[in-house]
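Trainee: Coordinates in query.txt, compact mmCIF, C-alpha atoms and all ligand atoms, are listed below.
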```txt
# COMPACT_ATOMS: atom_id res chain seq x y z
CA MET A 1 154.66 112.36 72.94
CA ALA A 2 156.46 110.85 69.97
CA GLN A 3 154.17 107.95 69.26
CA GLN A 4 151.56 105.77 70.93
CA ILE A 5 152.49 102.11 70.96
CA SER A 6 150.75 98.90 72.02
CA ILE A 7 152.19 97.26 75.12
CA GLY A 8 151.39 93.85 76.60
CA ILE A 9 152.45 93.48 80.22
CA ALA A 10 152.60 89.98 81.74
CA GLY A 11 152.20 90.20 85.54
CA ALA A 12 150.15 92.66 87.58
CA GLY A 13 152.43 92.80 90.59
CA ILE A 14 154.34 95.84 91.82
CA GLY A 15 156.47 96.34 88.69
CA GLY A 16 153.73 95.44 86.20
CA LEU A 17 151.14 97.71 87.77
CA ALA A 18 153.55 100.63 88.09
CA ALA A 19 154.65 100.21 84.46
CA ALA A 20 151.01 100.01 83.35
CA ALA A 21 150.09 103.19 85.24
CA LEU A 22 153.10 105.12 83.90
CA LEU A 23 152.87 103.92 80.30
CA ALA A 24 149.08 104.20 79.99
CA GLY A 25 149.50 107.68 81.53
CA GLU A 26 151.77 108.50 78.58
CA GLY A 27 148.95 107.56 76.21
CA HIS A 28 150.20 104.09 75.20
CA ARG A 29 147.68 101.26 74.71
CA VAL A 30 148.42 98.97 77.65
CA THR A 31 147.01 95.50 78.34
CA LEU A 32 148.01 93.90 81.61
CA PHE A 33 147.63 90.15 82.29
CA ASP A 34 147.75 88.23 85.56
CA GLN A 35 147.04 84.66 86.55
CA PHE A 36 144.78 85.62 89.45
CA GLU A 37 141.02 85.37 89.04
CA ALA A 38 140.84 88.76 90.69
CA ALA A 39 144.30 90.28 90.70
CA GLY A 40 145.76 90.57 94.18
CA PRO A 41 149.08 90.42 95.95
CA VAL A 42 150.67 87.39 97.58
CA GLY A 43 152.59 87.86 100.80
CA SER A 44 152.77 90.17 103.72
CA GLY A 45 154.40 93.48 104.56
CA LEU A 46 157.30 95.04 102.75
CA MET A 47 159.58 97.96 103.20
CA LEU A 48 159.78 100.85 100.75
CA GLN A 49 162.97 102.84 100.53
CA GLU A 50 163.51 106.42 99.35
CA THR A 51 164.11 105.09 95.80
CA GLY A 52 160.69 103.43 95.58
CA LEU A 53 159.03 106.33 97.39
CA ALA A 54 160.52 108.80 94.91
CA VAL A 55 159.00 106.81 92.03
CA LEU A 56 155.64 106.74 93.81
CA GLY A 57 156.04 110.49 94.32
CA ALA A 58 156.56 111.01 90.60
CA MET A 59 153.40 108.98 90.04
CA GLY A 60 151.49 111.26 92.41
CA LEU A 61 151.03 108.46 94.95
CA ARG A 62 153.50 109.33 97.67
CA ALA A 63 151.13 111.02 100.12
CA GLN A 64 148.60 108.18 99.82
CA THR A 65 151.34 105.59 100.27
CA GLU A 66 152.71 107.34 103.34
CA ALA A 67 149.20 107.55 104.81
CA LEU A 68 148.98 103.74 104.65
CA GLY A 69 152.51 103.02 105.86
CA THR A 70 154.63 103.43 108.97
CA PRO A 71 157.92 105.33 108.81
CA ILE A 72 160.88 103.16 109.81
CA ALA A 73 163.87 105.10 111.09
CA ARG A 74 166.05 102.18 112.16
CA LEU A 75 166.89 98.56 111.35
CA HIS A 76 168.06 96.90 114.52
CA GLY A 77 169.12 93.26 114.88
CA ILE A 78 170.55 91.55 117.95
CA SER A 79 172.45 88.27 118.15
CA VAL A 80 171.03 86.29 121.08
CA ASP A 81 174.37 84.43 121.30
CA THR A 82 176.29 87.55 122.32
CA GLY A 83 173.55 90.08 123.09
CA ARG A 84 175.24 92.49 120.64
CA ALA A 85 173.66 94.51 117.87
CA VAL A 86 174.85 93.00 114.60
CA LEU A 87 172.58 95.08 112.42
CA ASP A 88 172.12 98.73 113.26
CA VAL A 89 171.16 101.05 110.47
CA ARG A 90 169.81 104.49 111.27
CA TYR A 91 168.61 106.29 108.16
CA GLY A 92 169.17 109.61 109.91
CA ALA A 93 172.93 108.91 109.88
CA LEU A 94 172.83 109.74 106.16
CA ARG A 95 170.26 112.54 106.08
CA GLU A 96 167.92 113.99 108.63
CA GLY A 97 164.34 113.00 107.89
CA LEU A 98 165.33 110.03 105.72
CA ALA A 99 163.33 106.87 106.55
CA GLY A 100 161.97 103.67 105.07
CA LEU A 101 158.26 102.94 105.05
CA GLY A 102 156.70 99.68 106.20
CA ILE A 103 153.50 98.92 104.31
CA GLN A 104 151.14 96.01 103.73
CA ARG A 105 151.65 94.56 100.28
CA ALA A 106 147.89 94.64 99.68
CA ALA A 107 147.73 98.36 100.48
CA LEU A 108 150.48 99.21 97.98
CA PHE A 109 148.92 96.90 95.43
CA GLY A 110 145.54 98.66 95.82
CA LEU A 111 147.08 102.08 95.14
CA LEU A 112 149.01 100.88 92.09
CA GLN A 113 146.07 98.97 90.65
CA GLU A 114 143.81 102.00 90.93
CA ALA A 115 146.48 104.18 89.28
CA ALA A 116 146.87 101.70 86.39
CA VAL A 117 143.14 101.41 85.73
CA THR A 118 142.60 105.17 86.08
CA ALA A 119 145.39 105.80 83.56
CA GLY A 120 143.53 103.59 81.07
CA ALA A 121 145.36 100.24 81.28
CA ARG A 122 143.16 97.20 80.55
CA LEU A 123 143.52 94.52 83.23
CA VAL A 124 142.91 90.93 82.11
CA PRO A 125 142.81 88.44 85.02
CA ALA A 126 142.80 84.61 85.02
CA THR A 127 145.42 84.41 82.27
CA ARG A 128 148.53 82.39 83.09
CA MET A 129 151.31 83.18 80.66
CA ILE A 130 153.70 80.42 79.69
CA SER A 131 155.81 81.89 76.91
CA ALA A 132 156.61 84.93 74.81
CA ASP A 133 157.88 85.41 71.29
CA ALA A 134 160.37 88.25 71.59
CA GLY A 135 160.60 88.71 67.82
CA ALA A 136 156.87 88.73 67.10
CA GLY A 137 155.92 90.59 70.30
CA THR A 138 153.35 88.00 71.41
CA LEU A 139 152.45 86.23 74.63
CA THR A 140 150.96 82.74 74.91
CA ASP A 141 148.80 81.67 77.84
CA ALA A 142 148.38 78.23 79.40
CA GLY A 143 145.16 77.62 77.47
CA GLY A 144 146.99 78.15 74.18
CA GLY A 145 145.62 81.68 73.66
CA LEU A 146 147.87 84.01 71.68
CA HIS A 147 147.97 87.67 72.77
CA GLY A 148 149.36 90.46 70.62
CA PRO A 149 151.35 91.19 68.59
CA TYR A 150 152.43 94.18 70.68
CA ASP A 151 155.06 96.75 69.87
CA LEU A 152 156.51 96.01 73.28
CA VAL A 153 156.09 93.07 75.68
CA ILE A 154 157.00 93.50 79.34
CA ASP A 155 157.79 90.48 81.49
CA ALA A 156 156.78 91.48 85.02
CA LEU A 157 155.92 87.92 86.10
CA GLY A 158 158.10 88.05 89.18
CA VAL A 159 160.56 85.67 90.72
CA ARG A 160 159.30 82.52 88.95
CA SER A 161 158.64 84.05 85.55
CA PRO A 162 158.51 81.33 82.87
CA LEU A 163 159.78 83.97 80.42
CA SER A 164 163.00 84.44 82.39
CA SER A 165 165.85 82.07 83.26
CA ALA A 166 165.81 79.73 86.25
CA PRO A 167 168.55 80.23 88.84
CA ARG A 168 171.48 77.83 88.90
CA GLU A 169 170.43 76.92 92.42
CA GLU A 170 167.63 77.81 94.80
CA LEU A 171 168.53 79.55 98.06
CA ALA A 172 168.22 77.11 100.94
CA TYR A 173 166.27 79.52 103.10
CA GLY A 174 162.99 81.38 102.91
CA ALA A 175 160.70 82.69 105.61
CA LEU A 176 157.26 82.38 107.15
CA TRP A 177 155.38 85.68 107.20
CA ALA A 178 152.25 86.94 108.94
CA THR A 179 150.69 90.38 109.21
CA LEU A 180 149.15 90.88 112.64
CA PRO A 181 147.52 93.70 114.61
CA TRP A 182 149.85 95.50 117.03
CA PRO A 183 149.19 93.94 120.44
CA ALA A 184 147.69 96.34 123.00
CA THR A 185 150.87 96.19 125.06
CA SER A 186 154.06 95.65 123.14
CA ALA A 187 157.78 95.94 123.70
CA PHE A 188 158.48 96.77 120.06
CA ASP A 189 159.72 100.04 118.68
CA ARG A 190 157.06 101.47 116.35
CA ALA A 191 159.74 103.18 114.26
CA ALA A 192 162.12 100.23 113.86
CA LEU A 193 162.40 96.92 112.04
CA GLU A 194 163.76 94.61 114.73
CA GLN A 195 165.37 91.21 114.37
CA ARG A 196 166.85 88.50 116.57
CA TYR A 197 169.34 85.89 115.38
CA GLU A 198 170.84 82.69 116.68
CA ALA A 199 173.93 82.16 114.51
CA ALA A 200 172.45 82.53 111.01
CA ARG A 201 170.24 79.46 111.29
CA LYS A 202 167.47 81.15 113.24
CA MET A 203 166.08 84.59 112.67
CA ALA A 204 162.84 86.30 113.67
CA GLY A 205 161.78 89.80 112.75
CA VAL A 206 159.09 92.34 113.51
CA MET A 207 158.39 95.14 111.07
CA PRO A 208 155.79 97.91 111.43
CA SER A 209 153.59 97.62 108.34
CA GLY A 210 151.09 100.45 108.38
CA ARG A 211 147.40 99.76 107.97
CA ALA A 212 145.06 98.14 105.46
CA ALA A 213 143.13 101.39 104.89
CA ALA A 214 143.12 104.93 106.25
CA GLY A 215 141.85 104.83 109.83
CA ALA A 216 142.26 101.02 110.16
CA PRO A 217 144.27 99.67 113.12
CA ASP A 218 148.06 99.57 112.87
CA SER A 219 149.67 96.30 111.88
CA LEU A 220 153.05 94.67 112.10
CA THR A 221 154.60 91.94 110.02
CA TYR A 222 156.25 89.05 111.83
CA PHE A 223 158.71 86.82 109.98
CA TRP A 224 160.57 83.65 110.84
CA SER A 225 163.46 82.33 108.79
CA ILE A 226 163.11 78.67 107.77
CA ARG A 227 164.93 76.29 105.45
CA ALA A 228 162.77 75.34 102.50
CA ASP A 229 163.41 71.64 103.13
CA GLN A 230 162.02 72.02 106.67
CA TYR A 231 158.75 73.61 105.62
CA GLU A 232 156.81 70.34 105.22
CA ALA A 233 158.03 69.18 108.64
CA PHE A 234 156.87 72.52 110.10
CA ARG A 235 153.39 71.94 108.63
CA ALA A 236 153.27 68.35 109.82
CA THR A 237 154.07 69.08 113.48
CA PRO A 238 151.81 70.86 115.97
CA LEU A 239 152.15 74.65 115.80
CA SER A 240 153.13 74.69 119.48
CA HIS A 241 156.54 73.13 118.63
CA TRP A 242 157.41 76.03 116.37
CA LYS A 243 155.94 78.57 118.81
CA ASP A 244 158.15 77.21 121.61
CA ALA A 245 161.25 77.69 119.44
CA ALA A 246 160.15 81.16 118.32
CA CYS A 247 159.39 82.23 121.88
CA HIS A 248 162.70 80.84 123.09
CA LEU A 249 164.61 82.92 120.51
CA TRP A 250 162.69 86.09 121.30
CA PRO A 251 160.52 85.91 124.44
CA GLU A 252 159.02 89.39 123.84
CA THR A 253 157.18 88.05 120.77
CA GLU A 254 154.97 85.82 122.93
CA ALA A 255 151.95 88.15 122.62
CA LEU A 256 152.34 88.11 118.84
CA LEU A 257 152.67 84.36 118.69
CA HIS A 258 149.38 84.04 120.63
CA GLN A 259 147.66 85.58 117.61
CA ILE A 260 148.90 82.76 115.38
CA THR A 261 146.66 79.76 115.87
CA ASP A 262 146.90 78.01 112.53
CA HIS A 263 149.75 77.06 110.18
CA ASP A 264 147.85 78.76 107.36
CA GLN A 265 148.28 82.17 109.00
CA LEU A 266 151.94 81.94 108.06
CA THR A 267 152.73 82.40 104.38
CA PHE A 268 155.89 80.63 103.26
CA ALA A 269 158.10 82.40 100.72
CA ARG A 270 161.19 80.67 99.37
CA TYR A 271 163.86 83.09 98.27
CA ARG A 272 165.66 83.01 94.96
CA HIS A 273 168.75 84.75 93.67
CA ARG A 274 169.08 85.15 89.92
CA THR A 275 169.89 87.86 87.42
CA HIS A 276 168.54 87.15 83.95
CA PRO A 277 171.48 87.85 81.62
CA ARG A 278 169.50 89.60 78.87
CA ALA A 279 167.03 92.12 80.30
CA VAL A 280 166.13 93.11 76.74
CA GLU A 281 165.48 90.52 74.05
CA GLY A 282 164.00 91.90 70.83
CA ARG A 283 160.65 93.44 71.72
CA LEU A 284 160.64 91.77 75.15
CA VAL A 285 161.92 93.49 78.28
CA HIS A 286 162.14 91.91 81.74
CA ILE A 287 161.56 94.10 84.77
CA GLY A 288 161.46 93.58 88.54
CA ASP A 289 162.06 90.09 89.90
CA ALA A 290 161.74 88.63 86.39
CA TRP A 291 165.05 90.38 85.67
CA HIS A 292 166.72 90.36 89.09
CA ALA A 293 165.41 88.22 91.94
CA ALA A 294 167.08 88.28 95.35
CA SER A 295 166.39 87.49 98.98
CA PRO A 296 164.75 90.43 100.76
CA GLN A 297 167.70 90.89 103.18
CA LEU A 298 168.32 94.45 101.98
CA GLY A 299 164.63 95.22 101.35
CA GLN A 300 165.17 96.37 97.76
CA GLY A 301 163.10 94.16 95.43
CA ALA A 302 159.85 96.16 95.32
CA ASN A 303 161.83 99.39 95.08
CA MET A 304 163.89 98.00 92.20
CA ALA A 305 160.70 96.93 90.41
CA LEU A 306 159.36 100.48 90.79
CA LEU A 307 162.65 101.93 89.53
CA ASP A 308 162.58 99.60 86.51
CA ALA A 309 159.01 100.62 85.67
CA TYR A 310 159.85 104.30 85.94
CA ALA A 311 163.07 103.92 83.93
CA LEU A 312 161.19 102.18 81.13
CA ALA A 313 158.58 104.95 80.92
CA HIS A 314 161.34 107.55 81.14
CA ALA A 315 163.34 105.90 78.33
CA LEU A 316 160.27 105.61 76.08
CA HIS A 317 159.21 109.19 76.67
CA GLY A 318 159.69 111.15 73.44
CA GLU A 319 161.60 108.29 71.77
CA ALA A 320 159.99 106.92 68.60
CA ARG A 321 162.48 104.05 68.21
CA ILE A 322 161.63 101.31 70.70
CA ALA A 323 165.00 99.59 70.35
CA ALA A 324 166.79 102.85 71.21
CA ALA A 325 164.49 103.38 74.20
CA LEU A 326 165.25 99.88 75.48
CA ARG A 327 168.99 100.52 75.17
CA ARG A 328 168.49 103.68 77.19
CA PHE A 329 166.48 101.74 79.78
CA LEU A 330 169.37 99.31 80.17
CA LYS A 331 171.86 102.12 80.50
CA ILE A 332 169.80 103.68 83.28
CA ARG A 333 169.20 100.50 85.27
CA ALA A 334 171.92 97.90 84.62
CA GLY A 335 174.60 99.33 86.94
CA HIS A 336 172.27 99.74 89.91
CA VAL A 337 170.85 96.25 89.39
CA ARG A 338 174.34 94.69 89.24
CA LEU A 339 175.44 96.50 92.38
CA TYR A 340 172.44 95.56 94.50
CA GLN A 341 172.35 91.97 93.25
CA LEU A 342 175.97 91.65 94.36
CA MET A 343 175.37 93.30 97.75
CA THR A 344 172.29 91.18 98.48
CA TRP A 345 174.15 88.02 97.46
CA ALA A 346 176.98 88.96 99.86
CA PHE A 347 174.70 89.92 102.78
CA THR A 348 172.26 86.98 102.63
CA PRO A 349 174.51 84.30 104.24
CA VAL A 350 175.40 86.71 107.05
CA TYR A 351 171.82 86.47 108.29
CA GLN A 352 170.49 83.24 106.71
CA SER A 353 172.80 80.26 106.34
CA ASP A 354 173.93 77.08 108.07
CA GLY A 355 177.60 78.00 108.39
CA ALA A 356 179.14 78.81 111.77
CA LEU A 357 182.08 81.01 110.72
CA THR A 358 180.16 83.83 109.01
CA PRO A 359 177.80 84.50 111.93
CA TRP A 360 180.71 84.10 114.38
CA LEU A 361 182.65 86.81 112.54
CA ARG A 362 179.46 88.88 112.25
CA ASP A 363 178.91 88.78 115.99
CA ARG A 364 182.51 89.63 116.88
CA LEU A 365 183.54 92.02 114.10
CA ALA A 366 180.40 93.58 112.68
CA ALA A 367 179.11 94.67 116.06
CA PRO A 368 181.96 97.09 116.88
CA MET A 369 182.47 98.12 113.23
CA LEU A 370 178.84 99.18 112.81
CA ARG A 371 179.49 102.10 115.12
CA LEU A 372 182.70 103.32 113.46
CA TRP A 373 182.58 106.10 110.92
CA PRO A 374 181.94 105.87 107.94
CA ALA A 375 179.85 102.73 108.53
CA PRO A 376 176.66 104.48 109.80
CA PRO A 377 176.07 106.77 106.77
CA LEU A 378 177.33 104.13 104.34
CA LEU A 379 174.92 101.51 105.62
CA ALA A 380 172.05 103.98 105.60
CA GLY A 381 172.85 104.89 101.98
CA LEU A 382 173.07 101.23 101.00
CA VAL A 383 169.72 100.32 102.56
CA ALA A 384 168.02 103.46 101.24
CA GLY A 385 168.86 102.11 97.77
CA GLY A 386 170.90 105.14 96.74
CA PHE A 387 174.23 103.50 95.78
CA GLY A 388 174.74 103.96 92.05
CA ALA A 389 172.56 107.10 92.03
CA PRO A 390 169.51 105.42 90.44
CA LEU A 391 167.25 108.47 90.82
CA LYS A 392 169.68 110.97 89.31
CA LYS A 393 169.84 108.94 86.09
CA MET A 394 166.12 109.59 85.60
CA ALA A 395 166.17 113.17 86.85
CA LEU A 396 164.16 112.07 89.90
CA LYS A 397 164.81 113.71 93.24
CA ALA A 398 164.66 112.18 96.69
CA GLU A 399 162.20 114.14 98.80
CA CYS A 400 164.08 113.43 102.02
C1 LIG B 501 158.59 87.47 101.94
C2 LIG B 501 159.08 88.59 101.11
C3 LIG B 501 159.39 89.83 101.70
C4 LIG B 501 159.84 90.89 100.92
N1 LIG B 501 160.14 92.08 101.50
C5 LIG B 501 160.53 93.11 100.72
C6 LIG B 501 160.80 94.39 101.29
O1 LIG B 501 160.71 94.59 102.50
N2 LIG B 501 161.15 95.41 100.45
C7 LIG B 501 161.27 95.22 99.11
O2 LIG B 501 161.57 96.18 98.39
N3 LIG B 501 161.04 94.03 98.56
C8 LIG B 501 160.67 92.96 99.32
N4 LIG B 501 160.43 91.76 98.75
C9 LIG B 501 160.65 91.60 97.30
C10 LIG B 501 159.46 92.13 96.52
O3 LIG B 501 158.26 91.58 96.97
C11 LIG B 501 159.64 91.80 95.06
O4 LIG B 501 160.94 92.15 94.67
C12 LIG B 501 158.62 92.55 94.23
O5 LIG B 501 157.31 92.13 94.54
C13 LIG B 501 158.92 92.30 92.75
O6 LIG B 501 157.90 92.89 91.99
P1 LIG B 501 157.52 92.25 90.59
O7 LIG B 501 156.50 93.14 90.01
O8 LIG B 501 158.75 91.95 89.83
O9 LIG B 501 156.88 90.83 90.94
P2 LIG B 501 155.60 90.52 91.80
O10 LIG B 501 155.22 91.65 92.66
O11 LIG B 501 155.89 89.20 92.44
O12 LIG B 501 154.45 90.34 90.71
C14 LIG B 501 154.42 89.26 89.81
C15 LIG B 501 152.98 89.10 89.31
O13 LIG B 501 152.97 88.17 88.24
C16 LIG B 501 151.89 87.27 88.42
N5 LIG B 501 152.29 86.02 87.75
C17 LIG B 501 153.31 85.19 88.10
N6 LIG B 501 153.42 84.20 87.21
C18 LIG B 501 152.45 84.40 86.30
C19 LIG B 501 152.10 83.73 85.08
N7 LIG B 501 152.76 82.66 84.66
N8 LIG B 501 151.09 84.25 84.34
C20 LIG B 501 150.41 85.37 84.75
N9 LIG B 501 150.70 86.03 85.88
C21 LIG B 501 151.72 85.56 86.64
C22 LIG B 501 151.73 87.14 89.91
O14 LIG B 501 150.41 86.72 90.21
C23 LIG B 501 152.03 88.57 90.37
O15 LIG B 501 150.86 89.35 90.42
C24 LIG B 501 159.99 90.69 99.53
C25 LIG B 501 159.69 89.46 98.95
C26 LIG B 501 159.24 88.42 99.72
C27 LIG B 501 158.91 87.11 99.07
```
Mind turning this structure into structure tokens?
Ligand SMILES: Cc1cc2nc3c(=O)[nH]c(=O)nc-3n(C[C@H](O)[C@H](O)[C@H](O)COP(=O)(O)OP(=O)(O)OC[C@H]3O[C@@H](n4cnc5c(N)ncnc54)[C@H](O)[C@@H]3O)c2cc1C
Mentor:
Amino acid sequence: MAQQISIGIAGAGIGGLAAAALLAGEGHRVTLFDQFEAAGPVGSGLMLQETGLAVLGAMGLRAQTEALGTPIARLHGISVDTGRAVLDVRYGALREGLAGLGIQRAALFGLLQEAAVTAGARLVPATRMISADAGAGTLTDAGGGLHGPYDLVIDALGVRSPLSSAPREELAYGALWATLPWPATSAFDRAALEQRYEAARKMAGVMPSGRAAAGAPDSLTYFWSIRADQYEAFRATPLSHWKDAACHLWPETEALLHQITDHDQLTFARYRHRTHPRAVEGRLVHIGDAWHAASPQLGQGANMALLDAYALAHALHGEARIAAALRRFLKIRAGHVRLYQLMTWAFTPVYQSDGALTPWLRDRLAAPMLRLWPAPPLLAGLVAGGFGAPLKKMALKAEC
């Protein structure tokens, strides 16, 4: 190791925890802040791709992660207007054995938090950061407390980071999410993320999401697309109104919907799309959603946060000059980030928007095209996160 430096990380989410584990593991002095009283994840299930899994593998966490997750071999979405498949991605079309992994956010968080603390990172909860001084290397919390100076400050505060830029506009849509036990009898494929759409205004999905702990019952994550400006109306009307609509779109979900008896069981997440123009500013570097937020249509955000964390540790390894390491970090990550931000921006309205033309074209054109070569391996490669060869740039290998 060239030199041990002091690092202040704002945000103990997926990117912040992974960075803390990797950098403390390299011997750096890492302090990690989060606003939670006791740090914990917000939200429901998420899908890891081979990119994120490879990073977890390099951290020695892959087997534990896989033990808590469910392999997902296929993404399969049907338009109820035409009965056709308008999303059909089979990972195996790219490589045999390739798959995503559905996992509860809390399970992944638990593994990363343990890794960070074991590596020697100091976790400071109940500290809401409001600003950073990129030149001085300091962070300021909401109570006026000044933290640092650090040799390096990492902004891992997520999609609404006050240290990053706000998007020009919010996305109109978000989704309601709930993690539920698998019903005793169920029509769902345990190895597929399934979705149903009506135009692009309505969408429901079911994703296998592993288990809370080894030996615990299997879970799935149910999600329902909703416009942000309709969320208050959803909360103000009896749950049965929403359940009727959800059941009408996808009758097979009835047994799942029975498990939802209170509005509070559904967590609302509003999506944002924004790429902060300067990922590196002096001694401050933005990673994860604080750098590049997007809707989860392609299921990349957590994987990108893991890639960012790994790239940062990789760039700092053996490099005494922090500025040079940050330039290297940018070189490793910027192309992949640009590509996936563009793809997610292009795909989002196909599945979540008010327009009629895009879903009409989707239903009539996408359906037959999905089956034509080279669409199957291309789509699998896109969803697996491999476009732009992000692993190769860090000498990481996919295991599948
Ligand atoms: C509903 C939903 C479904 C998703 N599904 C997927 C999926 O299937 N696959 C995928 O790869 N990605 C998915 N994503 C995206 C993924 O969750 C994010 O991209 C990922 O969590 C980003 O990691 P991060 O570390 O940048 O931010 P986060 O994980 O959001 O962590 C940010 C942390 O900062 C803390 N924080 C925030 N503000 C402050 C503050 N001011 N002061 C102190 N602490 C603060 C928060 O408490 C949190 O712990 C989904 C996102 C949503 C909302």
Trainee: Nearest residue to ligand LIG 501 (chain B) out of A:Gly388, A:Pro374, A:Gly69, A:Gly288, using only C-alpha atoms and all ligand atoms?
Mentor: A:Gly288
Trainee: For a test of reading the model, state the distance in Å between CA of Ala99 in chain A and CA of Ala216 in chain A, rounded to one decimal.
Mentor: 22.2 Å
Trainee: I want to know what sits within 9 Å of Gly135 in chain A, based on only C-alpha atoms, with residues of the same chain fewer than 4 positions away left out; could you give that as a PDB file with C-alpha atoms, in the coordinates of the input?
Mentor:
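Writing done, so here's selection-v9.pdb:
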```pdb
ATOM      1  CA  GLU A 281     165.480  90.520  74.050  1.00  0.00           C
ATOM      2  CA  GLY A 282     164.000  91.900  70.830  1.00  0.00           C
ATOM      3  CA  ARG A 283     160.650  93.440  71.720  1.00  0.00           C
ATOM      4  CA  LEU A 284     160.640  91.770  75.150  1.00  0.00           C
TER       5      LEU A 284
END
```
Trainee: Enumerate, in order of chain and increasing residue number, the residues of chain A with an atom no farther than 6 Å from ligand LIG 501 (chain B), each with its shortest atom pair and distance in Å to one decimal, counting all atoms listed in the file, as a tab-separated table.
Mentor:
```
residue	atom	partner	partner_atom	distance
A:Ala10	CA	B:LIG501	C20	5.9
A:Gly11	CA	B:LIG501	O13	3.5
A:Ala12	CA	B:LIG501	O15	4.4
A:Gly13	CA	B:LIG501	O12	3.2
A:Ile14	CA	B:LIG501	O7	3.9
A:Gly15	CA	B:LIG501	O7	3.5
A:Gly16	CA	B:LIG501	O7	5.2
A:Asp34	CA	B:LIG501	N9	3.7
A:Gln35	CA	B:LIG501	C20	3.9
A:Phe36	CA	B:LIG501	O14	5.8
A:Pro41	CA	B:LIG501	O15	5.9
A:Leu46	CA	B:LIG501	O1	3.4
A:Met47	CA	B:LIG501	O1	3.6
A:Leu48	CA	B:LIG501	O2	5.5
A:Thr127	CA	B:LIG501	C20	5.7
A:Arg128	CA	B:LIG501	N8	3.4
A:Met129	CA	B:LIG501	N8	3.8
A:Ile130	CA	B:LIG501	N7	5.5
A:Ala156	CA	B:LIG501	O8	5.2
A:Leu157	CA	B:LIG501	O13	3.7
A:Gly158	CA	B:LIG501	O9	3.5
A:Ser161	CA	B:LIG501	N6	5.5
A:Ala269	CA	B:LIG501	C27	5.1
A:Gly288	CA	B:LIG501	O8	3.4
A:Asp289	CA	B:LIG501	O8	3.8
A:Ala290	CA	B:LIG501	O8	5.6
A:Pro296	CA	B:LIG501	C24	4.9
A:Gly299	CA	B:LIG501	N2	3.6
A:Gln300	CA	B:LIG501	O2	3.7
A:Gly301	CA	B:LIG501	O4	3.0
A:Ala302	CA	B:LIG501	O2	3.5
A:Asn303	CA	B:LIG501	O2	4.6
A:Ala305	CA	B:LIG501	O6	5.2
```
Trainee: To one decimal place in Å, what is the distance between CA of Ala116 in chain A and CA of Gly25 in chain A?
Mentor: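 These atoms are spaced 8.1 Å apart.
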Trainee: Using all atoms listed in the file, which protein or nucleic acid residues come within 9 Å of range 119-124 of chain A? Drop anything in the same chain fewer than 3 positions from it, and give the result as a PyMOL selection string.
Mentor: chain A and resi 12+20-35+39+114-116+127
Trainee: The residues within 12 Å of (148.9, 108.7, 103.9), using only C-alpha atoms and the coordinates of the file, should be reported as a PyMOL selection string; which are they?
Mentor: chain A and resi 61-71+101+103+107-108+111+210-216
